[in-house]
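target13.tsv follows (TSV, C-alpha atoms):
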```
chain	number	residue	atom	x	y	z
A	76	MET	CA	-29.04	16.39	9.60
A	77	HIS	CA	-29.22	12.59	9.21
A	78	GLU	CA	-26.92	10.00	10.71
A	79	ILE	CA	-26.67	6.34	9.80
A	80	SER	CA	-25.89	4.71	13.14
A	81	ASP	CA	-28.30	1.76	12.88
A	82	ILE	CA	-28.87	0.05	9.53
A	83	SER	CA	-32.37	-1.12	10.45
A	84	GLN	CA	-33.49	2.44	11.17
A	85	ASN	CA	-32.19	3.92	7.93
A	86	LYS	CA	-33.46	1.57	5.25
A	87	LYS	CA	-34.95	4.36	3.18
A	88	LEU	CA	-31.65	6.22	2.86
A	89	LEU	CA	-29.68	3.05	2.19
A	90	TRP	CA	-32.13	2.03	-0.53
A	91	LEU	CA	-31.79	5.48	-2.09
A	92	MET	CA	-28.00	5.09	-2.03
A	93	ALA	CA	-28.16	1.59	-3.52
A	94	LEU	CA	-30.51	2.78	-6.29
A	95	ALA	CA	-28.18	5.71	-7.00
A	96	CYS	CA	-25.18	3.34	-7.22
A	97	GLY	CA	-27.02	1.00	-9.58
A	98	LEU	CA	-28.40	3.72	-11.82
A	99	THR	CA	-25.21	5.78	-12.15
A	100	ALA	CA	-22.98	2.74	-12.72
A	101	GLY	CA	-25.47	1.12	-15.09
A	102	ALA	CA	-25.79	4.29	-17.17
A	103	ASN	CA	-22.26	3.71	-18.40
A	104	TYR	CA	-23.29	0.41	-20.03
A	105	PHE	CA	-26.48	1.39	-21.89
A	106	SER	CA	-24.76	1.67	-25.26
A	107	GLN	CA	-23.29	-1.86	-25.34
A	108	PRO	CA	-26.35	-3.68	-26.77
A	109	LEU	CA	-27.40	-0.67	-28.86
A	110	ILE	CA	-24.47	-0.52	-31.29
A	111	HIS	CA	-26.40	-1.92	-34.24
A	112	SER	CA	-29.31	0.48	-33.66
A	113	ILE	CA	-26.92	3.43	-33.28
A	114	GLN	CA	-25.14	2.44	-36.49
A	115	GLN	CA	-28.41	2.33	-38.43
A	116	TYR	CA	-29.86	5.50	-36.88
A	117	PHE	CA	-26.87	7.70	-37.72
A	118	GLN	CA	-25.91	5.83	-40.90
A	119	VAL	CA	-22.29	5.25	-39.84
A	120	ASP	CA	-20.00	2.23	-40.04
A	121	ALA	CA	-19.69	-0.33	-37.24
A	122	ALA	CA	-16.29	0.92	-36.03
A	123	GLN	CA	-17.64	4.43	-35.45
A	124	ALA	CA	-20.65	3.10	-33.55
A	125	GLN	CA	-18.46	0.79	-31.44
A	126	LEU	CA	-16.32	3.76	-30.45
A	127	THR	CA	-19.27	4.85	-28.28
A	128	VAL	CA	-18.61	1.94	-25.89
A	129	THR	CA	-14.88	2.70	-25.80
A	130	LEU	CA	-15.49	6.37	-24.99
A	131	ALA	CA	-17.86	5.39	-22.17
A	132	GLN	CA	-15.17	3.23	-20.55
A	133	LEU	CA	-12.35	5.73	-21.06
A	134	SER	CA	-14.33	8.62	-19.59
A	135	TYR	CA	-15.35	6.47	-16.60
A	136	ALA	CA	-11.70	5.57	-15.98
A	137	LEU	CA	-10.79	9.26	-16.16
A	138	GLY	CA	-13.49	10.06	-13.62
A	139	LEU	CA	-12.18	7.37	-11.27
A	140	LEU	CA	-8.73	8.90	-11.38
A	141	LEU	CA	-9.53	12.63	-11.34
A	142	ILE	CA	-12.95	13.02	-9.66
A	143	VAL	CA	-13.33	10.25	-7.07
A	144	PRO	CA	-10.39	11.46	-4.90
A	145	LEU	CA	-12.23	14.77	-4.44
A	146	GLY	CA	-14.61	12.90	-2.16
A	147	ASP	CA	-12.12	13.33	0.66
A	148	ILE	CA	-12.15	17.14	0.47
A	149	ALA	CA	-15.59	18.03	-0.94
A	150	ASP	CA	-18.90	18.56	0.86
A	151	LYS	CA	-20.36	15.22	-0.17
A	152	ARG	CA	-23.98	16.28	0.46
A	153	LYS	CA	-23.59	18.67	-2.47
A	154	PHE	CA	-20.84	16.90	-4.41
A	155	ILE	CA	-22.64	13.57	-4.94
A	156	PRO	CA	-25.97	15.06	-6.16
A	157	THR	CA	-24.02	17.44	-8.41
A	158	LEU	CA	-22.14	14.55	-10.03
A	159	MET	CA	-25.42	12.70	-10.52
A	160	GLY	CA	-27.05	15.77	-12.02
A	161	LEU	CA	-24.19	16.21	-14.49
A	162	ALA	CA	-24.43	12.53	-15.44
A	163	GLY	CA	-28.16	13.15	-16.02
A	164	VAL	CA	-27.30	16.04	-18.35
A	165	GLY	CA	-25.06	13.65	-20.28
A	166	LEU	CA	-27.93	11.18	-20.58
A	167	CYS	CA	-30.16	13.98	-21.90
A	168	LEU	CA	-27.56	14.80	-24.55
A	169	CYS	CA	-27.57	11.14	-25.62
A	170	ALA	CA	-31.37	11.15	-25.80
A	171	CYS	CA	-31.39	14.34	-27.91
A	172	ALA	CA	-28.42	13.43	-30.11
A	173	ILE	CA	-28.93	14.43	-33.74
A	174	ASN	CA	-25.54	13.08	-34.86
A	175	LEU	CA	-22.89	10.67	-33.62
A	176	PRO	CA	-20.49	13.32	-32.20
A	177	MET	CA	-23.33	14.62	-30.02
A	178	LEU	CA	-23.94	11.07	-28.78
A	179	TRP	CA	-20.23	10.73	-28.06
A	180	LEU	CA	-20.25	13.98	-26.07
A	181	GLY	CA	-23.23	12.81	-24.01
A	182	THR	CA	-21.64	9.38	-23.50
A	183	MET	CA	-18.37	10.90	-22.29
A	184	MET	CA	-20.16	13.27	-19.94
A	185	THR	CA	-22.25	10.43	-18.53
A	186	GLY	CA	-19.20	8.21	-18.07
A	187	LEU	CA	-17.12	10.94	-16.45
A	188	PHE	CA	-19.72	11.85	-13.82
A	189	SER	CA	-21.29	8.42	-13.26
A	190	VAL	CA	-18.40	7.83	-10.84
A	191	ALA	CA	-20.78	9.38	-8.29
A	192	ALA	CA	-21.34	5.78	-7.13
A	193	GLN	CA	-17.65	5.44	-6.29
A	194	VAL	CA	-17.83	8.58	-4.14
A	195	LEU	CA	-21.05	7.44	-2.50
A	196	ILE	CA	-19.73	4.07	-1.30
A	197	PRO	CA	-16.72	5.33	0.72
A	198	PHE	CA	-18.90	8.21	1.97
A	199	ALA	CA	-21.40	5.70	3.35
A	200	THR	CA	-18.64	3.94	5.32
A	201	MET	CA	-17.88	7.24	7.10
A	202	THR	CA	-21.40	7.43	8.48
A	203	VAL	CA	-21.67	3.98	10.09
A	204	LYS	CA	-20.05	2.20	13.00
A	205	PRO	CA	-16.85	0.31	12.08
A	206	GLU	CA	-18.53	-3.06	12.66
A	207	LYS	CA	-21.16	-2.18	10.02
A	208	ILE	CA	-18.80	-1.14	7.20
A	209	GLY	CA	-18.90	-4.48	5.37
A	210	GLU	CA	-22.67	-4.73	5.61
A	211	VAL	CA	-23.18	-1.25	4.14
A	212	VAL	CA	-20.56	-1.70	1.42
A	213	GLY	CA	-22.07	-5.07	0.50
A	214	PHE	CA	-25.58	-3.62	0.30
A	215	LEU	CA	-24.49	-0.72	-1.94
A	216	MET	CA	-22.32	-3.02	-4.07
A	217	SER	CA	-25.33	-5.28	-4.62
A	218	GLY	CA	-27.21	-2.26	-5.94
A	219	LEU	CA	-24.30	-1.26	-8.16
A	220	LEU	CA	-23.71	-4.72	-9.61
A	221	VAL	CA	-27.40	-5.39	-10.21
A	222	GLY	CA	-27.64	-2.00	-11.93
A	223	ILE	CA	-24.80	-2.89	-14.30
A	224	LEU	CA	-26.26	-6.32	-15.10
A	225	LEU	CA	-29.78	-5.00	-15.68
A	226	SER	CA	-28.67	-1.97	-17.69
A	227	THR	CA	-27.69	-3.90	-20.81
A	228	SER	CA	-30.76	-6.15	-20.69
A	229	LEU	CA	-33.18	-3.26	-20.20
A	230	SER	CA	-31.60	-1.03	-22.84
A	231	GLY	CA	-31.73	-3.86	-25.39
A	232	LEU	CA	-35.32	-4.74	-24.48
A	233	LEU	CA	-36.58	-1.15	-24.66
A	234	SER	CA	-34.75	-0.67	-27.96
A	235	ASN	CA	-36.48	-3.72	-29.45
A	236	LEU	CA	-39.92	-2.74	-28.14
A	237	PHE	CA	-39.80	1.04	-28.65
A	238	HIS	CA	-36.67	3.08	-29.48
A	239	TRP	CA	-33.01	2.90	-28.49
A	240	LYS	CA	-33.11	6.44	-27.00
A	241	LEU	CA	-35.88	5.58	-24.53
A	242	ILE	CA	-33.48	4.12	-21.93
A	243	TYR	CA	-31.57	7.43	-21.87
A	244	ILE	CA	-34.74	9.46	-21.33
A	245	MET	CA	-36.04	7.23	-18.54
A	246	SER	CA	-32.72	7.00	-16.72
A	247	ALA	CA	-32.17	10.78	-16.91
A	248	ILE	CA	-35.53	11.39	-15.23
A	249	LEU	CA	-34.74	8.82	-12.53
A	250	ILE	CA	-31.25	10.14	-11.88
A	251	PHE	CA	-32.48	13.73	-11.47
A	252	GLY	CA	-35.11	12.54	-9.01
A	253	LEU	CA	-32.60	10.51	-7.00
A	254	ALA	CA	-30.12	13.40	-6.94
A	255	TYR	CA	-32.80	15.67	-5.49
A	256	GLN	CA	-33.74	13.13	-2.82
A	257	LEU	CA	-30.14	12.45	-1.83
A	258	LYS	CA	-29.41	16.17	-1.51
A	259	ARG	CA	-32.15	16.31	1.12
A	260	GLU	CA	-31.29	13.05	2.90
A	261	LEU	CA	-27.50	12.66	2.93
A	262	PRO	CA	-25.85	13.17	6.34
A	263	TYR	CA	-23.03	15.56	7.09
A	264	THR	CA	-19.47	14.26	7.43
A	265	MET	CA	-16.20	16.00	8.18
A	266	ARG	CA	-13.98	16.86	5.22
A	267	GLN	CA	-10.29	17.57	4.93
A	268	GLN	CA	-8.60	20.75	3.80
A	269	MET	CA	-6.19	19.80	1.04
A	270	PRO	CA	-5.22	21.40	-2.30
A	271	TYR	CA	-6.26	19.38	-5.34
A	272	ARG	CA	-2.67	18.76	-6.48
A	273	GLU	CA	-1.77	17.38	-3.05
A	274	ILE	CA	-4.41	14.67	-3.45
A	275	PHE	CA	-2.36	12.91	-6.12
A	276	LYS	CA	0.86	13.18	-4.13
A	277	SER	CA	-0.92	11.55	-1.20
A	278	MET	CA	-2.29	8.82	-3.50
A	279	ALA	CA	1.26	8.01	-4.65
A	280	THR	CA	2.29	7.87	-0.99
A	281	LEU	CA	-0.57	5.50	-0.21
A	282	MET	CA	0.49	3.14	-2.99
A	283	ILE	CA	4.08	3.14	-1.70
A	284	GLU	CA	3.28	2.78	2.01
A	285	GLU	CA	0.21	0.54	2.00
A	286	ARG	CA	1.28	-2.80	0.58
A	287	ARG	CA	-2.07	-4.40	1.38
A	288	LEU	CA	-3.85	-1.84	-0.80
A	289	ASN	CA	-1.73	-3.00	-3.73
A	290	PHE	CA	-2.31	-6.67	-2.99
A	291	ARG	CA	-6.07	-6.23	-2.80
A	292	ALA	CA	-6.16	-4.00	-5.88
A	293	TYR	CA	-4.38	-6.70	-7.91
A	294	VAL	CA	-6.73	-9.36	-6.52
A	295	GLY	CA	-9.69	-7.26	-7.70
A	296	ALA	CA	-8.09	-6.41	-11.04
A	297	GLY	CA	-7.37	-10.06	-11.77
A	298	ALA	CA	-10.89	-11.16	-10.81
A	299	PHE	CA	-12.58	-8.49	-12.94
A	300	ALA	CA	-10.19	-9.17	-15.82
A	301	SER	CA	-11.11	-12.87	-15.72
A	302	MET	CA	-14.82	-11.98	-15.76
A	303	SER	CA	-14.29	-9.46	-18.57
A	304	VAL	CA	-12.96	-12.23	-20.82
A	305	ILE	CA	-16.50	-13.61	-20.70
A	306	TYR	CA	-18.14	-10.22	-21.21
A	307	SER	CA	-16.06	-9.62	-24.35
A	308	THR	CA	-16.85	-13.01	-25.91
A	309	ILE	CA	-20.36	-13.90	-24.73
A	310	ALA	CA	-22.09	-12.54	-27.85
A	311	VAL	CA	-19.76	-14.12	-30.42
A	312	TYR	CA	-19.63	-17.47	-28.59
A	313	LEU	CA	-23.34	-17.94	-27.91
A	314	SER	CA	-24.46	-16.63	-31.31
A	315	ALA	CA	-22.28	-19.20	-33.11
A	316	ALA	CA	-22.58	-22.98	-33.36
A	317	PRO	CA	-23.74	-25.03	-31.53
A	318	PHE	CA	-25.95	-22.51	-29.71
A	319	HIS	CA	-27.09	-19.96	-32.34
A	320	LEU	CA	-28.78	-17.81	-29.69
A	321	ALA	CA	-30.50	-14.55	-30.60
A	322	ASP	CA	-29.35	-11.30	-28.97
A	323	SER	CA	-32.36	-11.21	-26.66
A	324	LEU	CA	-31.63	-14.73	-25.36
A	325	ILE	CA	-27.95	-13.89	-24.85
A	326	GLY	CA	-29.07	-10.98	-22.68
A	327	MET	CA	-31.24	-13.33	-20.64
A	328	VAL	CA	-28.25	-15.60	-20.00
A	329	SER	CA	-26.33	-12.73	-18.43
A	330	LEU	CA	-29.17	-12.10	-15.95
A	331	VAL	CA	-28.10	-15.13	-13.89
A	332	GLY	CA	-25.27	-12.89	-12.67
A	333	VAL	CA	-27.83	-10.99	-10.59
A	334	PHE	CA	-27.73	-13.76	-7.97
A	335	GLY	CA	-24.01	-13.20	-7.53
A	336	ALA	CA	-24.54	-9.44	-7.29
A	337	LEU	CA	-27.19	-9.86	-4.59
A	338	SER	CA	-24.82	-12.00	-2.54
A	339	ALA	CA	-22.48	-9.03	-1.96
A	340	GLN	CA	-24.53	-7.69	0.96
A	341	TYR	CA	-24.35	-11.04	2.80
A	342	VAL	CA	-20.62	-11.40	2.13
A	343	GLY	CA	-20.14	-7.93	3.63
A	344	ARG	CA	-21.80	-8.99	6.87
A	345	TYR	CA	-19.45	-11.94	7.28
A	346	ALA	CA	-16.46	-9.80	6.34
A	347	ASP	CA	-17.39	-7.53	9.26
A	348	ARG	CA	-17.04	-10.58	11.53
A	349	GLY	CA	-13.50	-11.33	10.36
A	350	TYR	CA	-14.18	-13.80	7.56
A	351	GLY	CA	-12.89	-11.61	4.74
A	352	THR	CA	-9.92	-13.88	4.01
A	353	LEU	CA	-12.15	-16.97	3.95
A	354	PHE	CA	-14.62	-15.43	1.51
A	355	THR	CA	-11.80	-14.13	-0.66
A	356	THR	CA	-10.50	-17.70	-0.88
A	357	LEU	CA	-13.98	-18.98	-1.73
A	358	GLY	CA	-14.28	-16.29	-4.39
A	359	CYS	CA	-10.99	-17.35	-6.00
A	360	VAL	CA	-12.04	-21.02	-5.94
A	361	LEU	CA	-15.35	-20.13	-7.60
A	362	LEU	CA	-13.57	-18.13	-10.31
A	363	LEU	CA	-11.13	-20.94	-11.02
A	364	SER	CA	-13.83	-23.62	-11.10
A	365	SER	CA	-16.06	-21.54	-13.38
A	366	TRP	CA	-13.53	-21.89	-16.19
A	367	LEU	CA	-13.82	-25.66	-16.04
A	368	MET	CA	-17.56	-25.25	-16.65
A	369	PHE	CA	-16.92	-22.74	-19.44
A	370	TYR	CA	-14.48	-25.09	-21.17
A	371	PHE	CA	-17.02	-27.93	-21.36
A	372	SER	CA	-19.95	-25.63	-22.13
A	373	SER	CA	-19.95	-26.58	-25.81
A	374	TYR	CA	-21.71	-29.76	-24.70
A	375	SER	CA	-24.53	-27.89	-22.93
A	376	ILE	CA	-25.73	-24.29	-22.62
A	377	TRP	CA	-26.51	-25.09	-18.98
A	378	LEU	CA	-22.82	-25.52	-18.25
A	379	TYR	CA	-22.20	-22.04	-19.64
A	380	ILE	CA	-25.02	-20.60	-17.52
A	381	ALA	CA	-23.67	-22.37	-14.43
A	382	GLY	CA	-20.17	-21.06	-15.19
A	383	PHE	CA	-21.44	-17.52	-15.68
A	384	ALA	CA	-23.35	-17.62	-12.38
A	385	THR	CA	-20.35	-19.12	-10.56
A	386	ALA	CA	-17.90	-16.55	-11.96
A	387	ASN	CA	-20.19	-13.65	-11.02
A	388	LEU	CA	-20.57	-15.07	-7.51
A	389	GLY	CA	-16.80	-15.38	-7.18
A	390	LEU	CA	-16.28	-11.80	-8.38
A	391	ALA	CA	-18.88	-10.52	-5.90
A	392	PHE	CA	-17.15	-12.38	-3.04
A	393	VAL	CA	-13.72	-11.00	-3.94
A	394	HIS	CA	-14.80	-7.43	-4.62
A	395	SER	CA	-16.91	-7.09	-1.45
A	396	CYS	CA	-14.09	-8.40	0.73
A	397	ASN	CA	-11.56	-6.14	-0.99
A	398	GLN	CA	-13.55	-2.98	-0.34
A	399	ASN	CA	-14.28	-4.02	3.24
A	400	ILE	CA	-10.54	-4.28	3.83
A	401	ILE	CA	-9.25	-1.22	1.96
A	402	PHE	CA	-11.71	1.19	3.61
A	403	ARG	CA	-10.17	0.27	6.98
A	404	ILE	CA	-6.57	0.96	5.93
A	405	ARG	CA	-6.71	4.77	6.20
A	406	PRO	CA	-10.11	6.00	7.50
A	407	THR	CA	-9.27	9.61	6.52
A	408	ALA	CA	-8.43	8.73	2.91
A	409	LYS	CA	-11.31	6.48	1.87
A	410	SER	CA	-12.09	8.22	-1.43
A	411	ARG	CA	-8.43	8.21	-2.45
A	412	LEU	CA	-8.12	4.54	-1.51
A	413	ASN	CA	-11.21	3.76	-3.54
A	414	SER	CA	-9.89	5.78	-6.48
A	415	ILE	CA	-6.67	3.76	-6.53
A	416	TYR	CA	-8.47	0.46	-6.11
A	417	MET	CA	-11.20	1.13	-8.67
A	418	THR	CA	-8.79	2.55	-11.26
A	419	LEU	CA	-6.75	-0.65	-11.11
A	420	TYR	CA	-9.98	-2.69	-10.98
A	421	PHE	CA	-11.22	-1.22	-14.26
A	422	ALA	CA	-7.76	-1.37	-15.77
A	423	GLY	CA	-8.06	-5.10	-15.12
A	424	ALA	CA	-11.43	-5.10	-16.90
A	425	ALA	CA	-9.95	-3.39	-19.95
A	426	THR	CA	-7.04	-5.85	-19.98
A	427	GLY	CA	-9.39	-8.81	-19.70
A	428	SER	CA	-11.58	-7.55	-22.54
A	429	ALA	CA	-8.57	-7.07	-24.80
A	430	LEU	CA	-7.11	-10.50	-23.94
A	431	GLY	CA	-10.50	-12.17	-24.39
A	432	THR	CA	-10.97	-10.67	-27.86
A	433	TYR	CA	-7.39	-11.51	-28.87
A	434	ALA	CA	-7.67	-15.09	-27.58
A	435	TRP	CA	-10.99	-15.67	-29.37
A	436	ASN	CA	-9.66	-14.33	-32.69
A	437	HIS	CA	-6.43	-16.34	-32.54
A	438	GLY	CA	-7.40	-19.59	-30.83
A	439	GLY	CA	-11.14	-19.81	-30.43
A	440	TRP	CA	-12.81	-20.99	-27.25
A	441	LEU	CA	-9.79	-22.99	-25.99
A	442	TYR	CA	-7.53	-19.93	-25.93
A	443	THR	CA	-10.35	-17.86	-24.45
A	444	CYS	CA	-10.70	-20.28	-21.54
A	445	LEU	CA	-6.93	-20.39	-21.02
A	446	ALA	CA	-6.81	-16.58	-20.91
A	447	GLY	CA	-9.65	-16.41	-18.37
A	448	LEU	CA	-8.12	-19.17	-16.26
A	449	GLY	CA	-4.71	-17.46	-16.32
A	450	LEU	CA	-6.24	-14.22	-15.03
A	451	ALA	CA	-8.07	-16.14	-12.29
A	452	VAL	CA	-4.72	-17.68	-11.28
A	453	PHE	CA	-3.21	-14.16	-11.22
A	454	CYS	CA	-6.02	-13.06	-8.88
A	455	SER	CA	-5.56	-16.12	-6.64
A	456	SER	CA	-1.79	-15.59	-6.44
A	457	PHE	CA	-2.15	-12.12	-4.97
A	458	ALA	CA	-4.89	-13.37	-2.65
A	459	LEU	CA	-2.39	-15.97	-1.40
A	460	LEU	CA	0.27	-13.27	-0.90
A	461	ASP	CA	-2.24	-11.19	1.05
A	462	PHE	CA	-3.05	-14.21	3.24
A	463	ILE	CA	0.64	-14.96	3.89
A	464	CYS	CA	1.33	-11.36	4.90
A	465	TYR	CA	-1.91	-10.46	6.68
A	466	GLY	CA	-3.75	-13.72	7.43
A	467	ARG	CA	-2.59	-13.89	11.05
A	468	GLN	CA	-3.52	-10.23	11.53
A	469	ALA	CA	-7.04	-10.98	10.27
A	470	LYS	CA	-7.40	-13.93	12.65
A	471	THR	CA	-6.26	-11.80	15.58
A	472	ALA	CA	-8.79	-9.08	14.69
A	473	GLN	CA	-11.52	-11.71	14.44
A	474	HIS	CA	-10.88	-13.02	17.97
A	475	THR	CA	-10.63	-9.55	19.48
```

How does the structure come out when it is put into structure tokens?
Amino acid sequence: MHEISDISQNKKLLWLMALACGLTAGANYFSQPLIHSIQQYFQVDAAQAQLTVTLAQLSYALGLLLIVPLGDIADKRKFIPTLMGLAGVGLCLCACAINLPMLWLGTMMTGLFSVAAQVLIPFATMTVKPEKIGEVVGFLMSGLLVGILLSTSLSGLLSNLFHWKLIYIMSAILIFGLAYQLKRELPYTMRQQMPYREIFKSMATLMIEERRLNFRAYVGAGAFASMSVIYSTIAVYLSAAPFHLADSLIGMVSLVGVFGALSAQYVGRYADRGYGTLFTTLGCVLLLSSWLMFYFSSYSIWLYIAGFATANLGLAFVHSCNQNIIFRIRPTAKSRLNSIYMTLYFAGAATGSALGTYAWNHGGWLYTCLAGLGLAVFCSSFALLDFICYGRQAKTAQHT
């Protein structure tokens, strides 16, 4: 039986957890750069191929709502590897797909069970000392965010060099191997006895009673929505005048976000020391300022790259601080808290994607920047409310 009481003595297990977070979360994004290849392979129209991405996101959202809360009552040493194994089966279905419905089935199965990462993160906070929660969350979030950013680049690269199904085969092999290792290495934690239906009643109670959970969820939703405006328009903006970038180069631009993702582990350490409010503020400032760079990016691709890096850094700051705070609200309900937070977080992403597409189609880059800026202001407003209500409490905790 393993116990994570000292980060420096458990690097192997933490690296396994971070890899699992990155791989399972990233698996939900493989199809995004492959739509054209999928369309040609199955001889279908673009709308049918694009539905693959939509199904991946919908199934992931369903998993956040229905599966993640089970982390509070399940034996996580078995539950997490099982979820990963089922996600691996979904990847295998995608790799073996002989028609589009089979690919859709594999995509939905992968999306539904790739929420293993969102069970793993709150689980990790149960196995460390309270003063190490932010550091561990930040480390695992770095793995998750890097996995998401690399997933689209790698899937597109492997598709161009070999075949679009290769990424599914490779990731399935890796995820099965990681699931086996985690089953052997994960420590034991206490679990609650609670009927499944009671979980959702308790989640409703948490949303009513814990005002700070709502504040932080809206901060995260607004930040991710603002970033999603960029995700939904990056291809159409950079492939048009004056840039005319190829798909491979567009993918390279997005890799600058890795630096922001890697910063999450360092933000977590400072959040443990009571600087969560400060780094949330910095994150909001970075998000707001990134849209100034985006607006003037038509003059230089470097301004766009700087804006993309700045926005990703701001999102990493905000998200790491949010999770550091919400996991301390109710220590016995961490999976349910994470389910609520992440469901609203990805609802924000979906909203941002829809607004970004609408703004681009109806007003071009100006409207796109206004939409992204407006969502960043929404995020900052709830961060300000959180500071007004809980800022003094955070300062007191820092001094004690």

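Closest approach to A:Thr99 among A:Ser112, A:Thr127, A:Ser217, A:Thr185 is made by A:Thr185 (distances from all atoms listed in the file).
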
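The list of residues with at least one atom within 8 Å of A:Gly218, based on only C-alpha atoms and without residues fewer than 3 positions apart in the same chain, reads Ala93, Leu94, Cys96, Gly97, Phe214, Leu215, Val221, Gly222, Ala336 and Leu337 of chain A.
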
Could you check which of A:Leu361, A:Val211, A:Leu448, A:Ala296 is closest to A:Ala346, using all atoms listed in the file? A:Val211

Using all atoms listed in the file, which residues sit within 9 Å of A:Arg259 once same-chain residues fewer than 4 positions away are excluded, as a ChimeraX atom specification? /A:152,254-255

Please check which residues have atoms at most 6 Å from (-25.8, 13.3, -25.7) in the file's coordinates, counting all atoms listed in the file, and write them as a PyMOL selection string. chain A and resi 165-170+172+177-178+180-181

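Taking atom CA of A:Ala339 and atom CA of A:Gly213 as endpoints, the distance between them is 4.7 Å.
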
Output as CSV one row per residue of stretch 278-304 of chain A within 12 Å of stretch 308-327 of chain A: the closest atom pair and its distance in Å to one decimal place, counting only C-alpha atoms, sorted by chain and residue number ascending.
```
residue,atom,partner,partner_atom,distance
A:Ser301,CA,A:Thr308,CA,11.7
A:Met302,CA,A:Thr308,CA,10.4
A:Ser303,CA,A:Thr308,CA,8.5
A:Val304,CA,A:Thr308,CA,6.5
```

note - atom CA of A:Gly449 and atom CA of A:Leu378 are separated by 19.9 Å

Let me make sure I understand: among A:Tyr416, A:Trp366, A:Tyr433, A:Tyr341, which one has the smallest atom-to-atom distance to A:Leu450 if we use all atoms listed in the file? A:Trp366

Near-A:Ala451 list (8 Å; only C-alpha atoms; drop same-chain fewer than 5 positions) as a PyMOL selection string: chain A and resi 297-298+301+359+362-363

What's the separation between atom CA of A:Phe334 and atom CA of A:Phe369, in Å to one decimal place? 18.1 Å

For A:Leu241: contacts at 12 Å, all atoms listed in the file, fewer than 4 positions along chain excluded, given as number ranges by chain: A: 105-106, 109, 166-167, 169-171, 229-237, 245-248

For A:Ile274, work out the shell of residues within 12 Å, counting only C-alpha atoms and skipping chain neighbours fewer than 6 positions away, then give it as a ChimeraX atom specification. /A:140-149,267-268,280-281,408-412,414-415

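The smallest atom-to-atom distance between A:Ile250 and any of A:Val164, A:Leu175, A:Leu133, A:Leu89, using all atoms listed in the file, is found for A:Val164.
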
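Distance check against A:Gln193 using only C-alpha atoms: of A:Phe299, A:Tyr104, A:Tyr135, A:Phe371, the minimum falls on A:Tyr135.
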
Here is a test: counting all atoms listed in the file, which residue of A:Lys87, A:Lys153, A:His437, A:Arg403 is nearest to A:Tyr263? A:Lys153

Atoms are missing here; could stretch 116-128 of chain A be completed with N, CA and C atoms and written as a PDB file, in the frame of the given file?
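Wrote out.pdb, looks like this:
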```pdb
ATOM      1  N   TYR A 116     -29.205   4.210 -37.097  1.00  0.00           N
ATOM      2  CA  TYR A 116     -29.860   5.500 -36.880  1.00  0.00           C
ATOM      3  C   TYR A 116     -29.037   6.654 -37.459  1.00  0.00           C
ATOM      4  N   PHE A 117     -27.721   6.608 -37.244  1.00  0.00           N
ATOM      5  CA  PHE A 117     -26.870   7.700 -37.720  1.00  0.00           C
ATOM      6  C   PHE A 117     -26.201   7.401 -39.058  1.00  0.00           C
ATOM      7  N   GLN A 118     -26.474   6.201 -39.604  1.00  0.00           N
ATOM      8  CA  GLN A 118     -25.910   5.830 -40.900  1.00  0.00           C
ATOM      9  C   GLN A 118     -24.381   5.933 -40.914  1.00  0.00           C
ATOM     10  N   VAL A 119     -23.754   5.258 -39.945  1.00  0.00           N
ATOM     11  CA  VAL A 119     -22.290   5.250 -39.840  1.00  0.00           C
ATOM     12  C   VAL A 119     -21.823   3.799 -39.902  1.00  0.00           C
ATOM     13  N   ASP A 120     -20.505   3.605 -40.007  1.00  0.00           N
ATOM     14  CA  ASP A 120     -20.000   2.230 -40.040  1.00  0.00           C
ATOM     15  C   ASP A 120     -19.902   1.671 -38.619  1.00  0.00           C
ATOM     16  N   ALA A 121     -19.684   0.365 -38.528  1.00  0.00           N
ATOM     17  CA  ALA A 121     -19.690  -0.330 -37.240  1.00  0.00           C
ATOM     18  C   ALA A 121     -18.589   0.177 -36.310  1.00  0.00           C
ATOM     19  N   ALA A 122     -17.410   0.472 -36.859  1.00  0.00           N
ATOM     20  CA  ALA A 122     -16.290   0.920 -36.030  1.00  0.00           C
ATOM     21  C   ALA A 122     -16.614   2.238 -35.334  1.00  0.00           C
ATOM     22  N   GLN A 123     -17.264   3.155 -36.057  1.00  0.00           N
ATOM     23  CA  GLN A 123     -17.640   4.430 -35.450  1.00  0.00           C
ATOM     24  C   GLN A 123     -18.671   4.225 -34.345  1.00  0.00           C
ATOM     25  N   ALA A 124     -19.635   3.363 -34.579  1.00  0.00           N
ATOM     26  CA  ALA A 124     -20.650   3.100 -33.550  1.00  0.00           C
ATOM     27  C   ALA A 124     -20.032   2.425 -32.330  1.00  0.00           C
ATOM     28  N   GLN A 125     -19.103   1.482 -32.544  1.00  0.00           N
ATOM     29  CA  GLN A 125     -18.460   0.790 -31.440  1.00  0.00           C
ATOM     30  C   GLN A 125     -17.584   1.705 -30.601  1.00  0.00           C
ATOM     31  N   LEU A 126     -17.132   2.795 -31.190  1.00  0.00           N
ATOM     32  CA  LEU A 126     -16.320   3.760 -30.450  1.00  0.00           C
ATOM     33  C   LEU A 126     -17.103   4.358 -29.275  1.00  0.00           C
ATOM     34  N   THR A 127     -18.430   4.341 -29.359  1.00  0.00           N
ATOM     35  CA  THR A 127     -19.270   4.850 -28.280  1.00  0.00           C
ATOM     36  C   THR A 127     -19.000   4.088 -26.981  1.00  0.00           C
ATOM     37  N   VAL A 128     -18.890   2.769 -27.068  1.00  0.00           N
ATOM     38  CA  VAL A 128     -18.610   1.940 -25.890  1.00  0.00           C
ATOM     39  C   VAL A 128     -17.227   2.250 -25.337  1.00  0.00           C
TER      40      VAL A 128
END
```
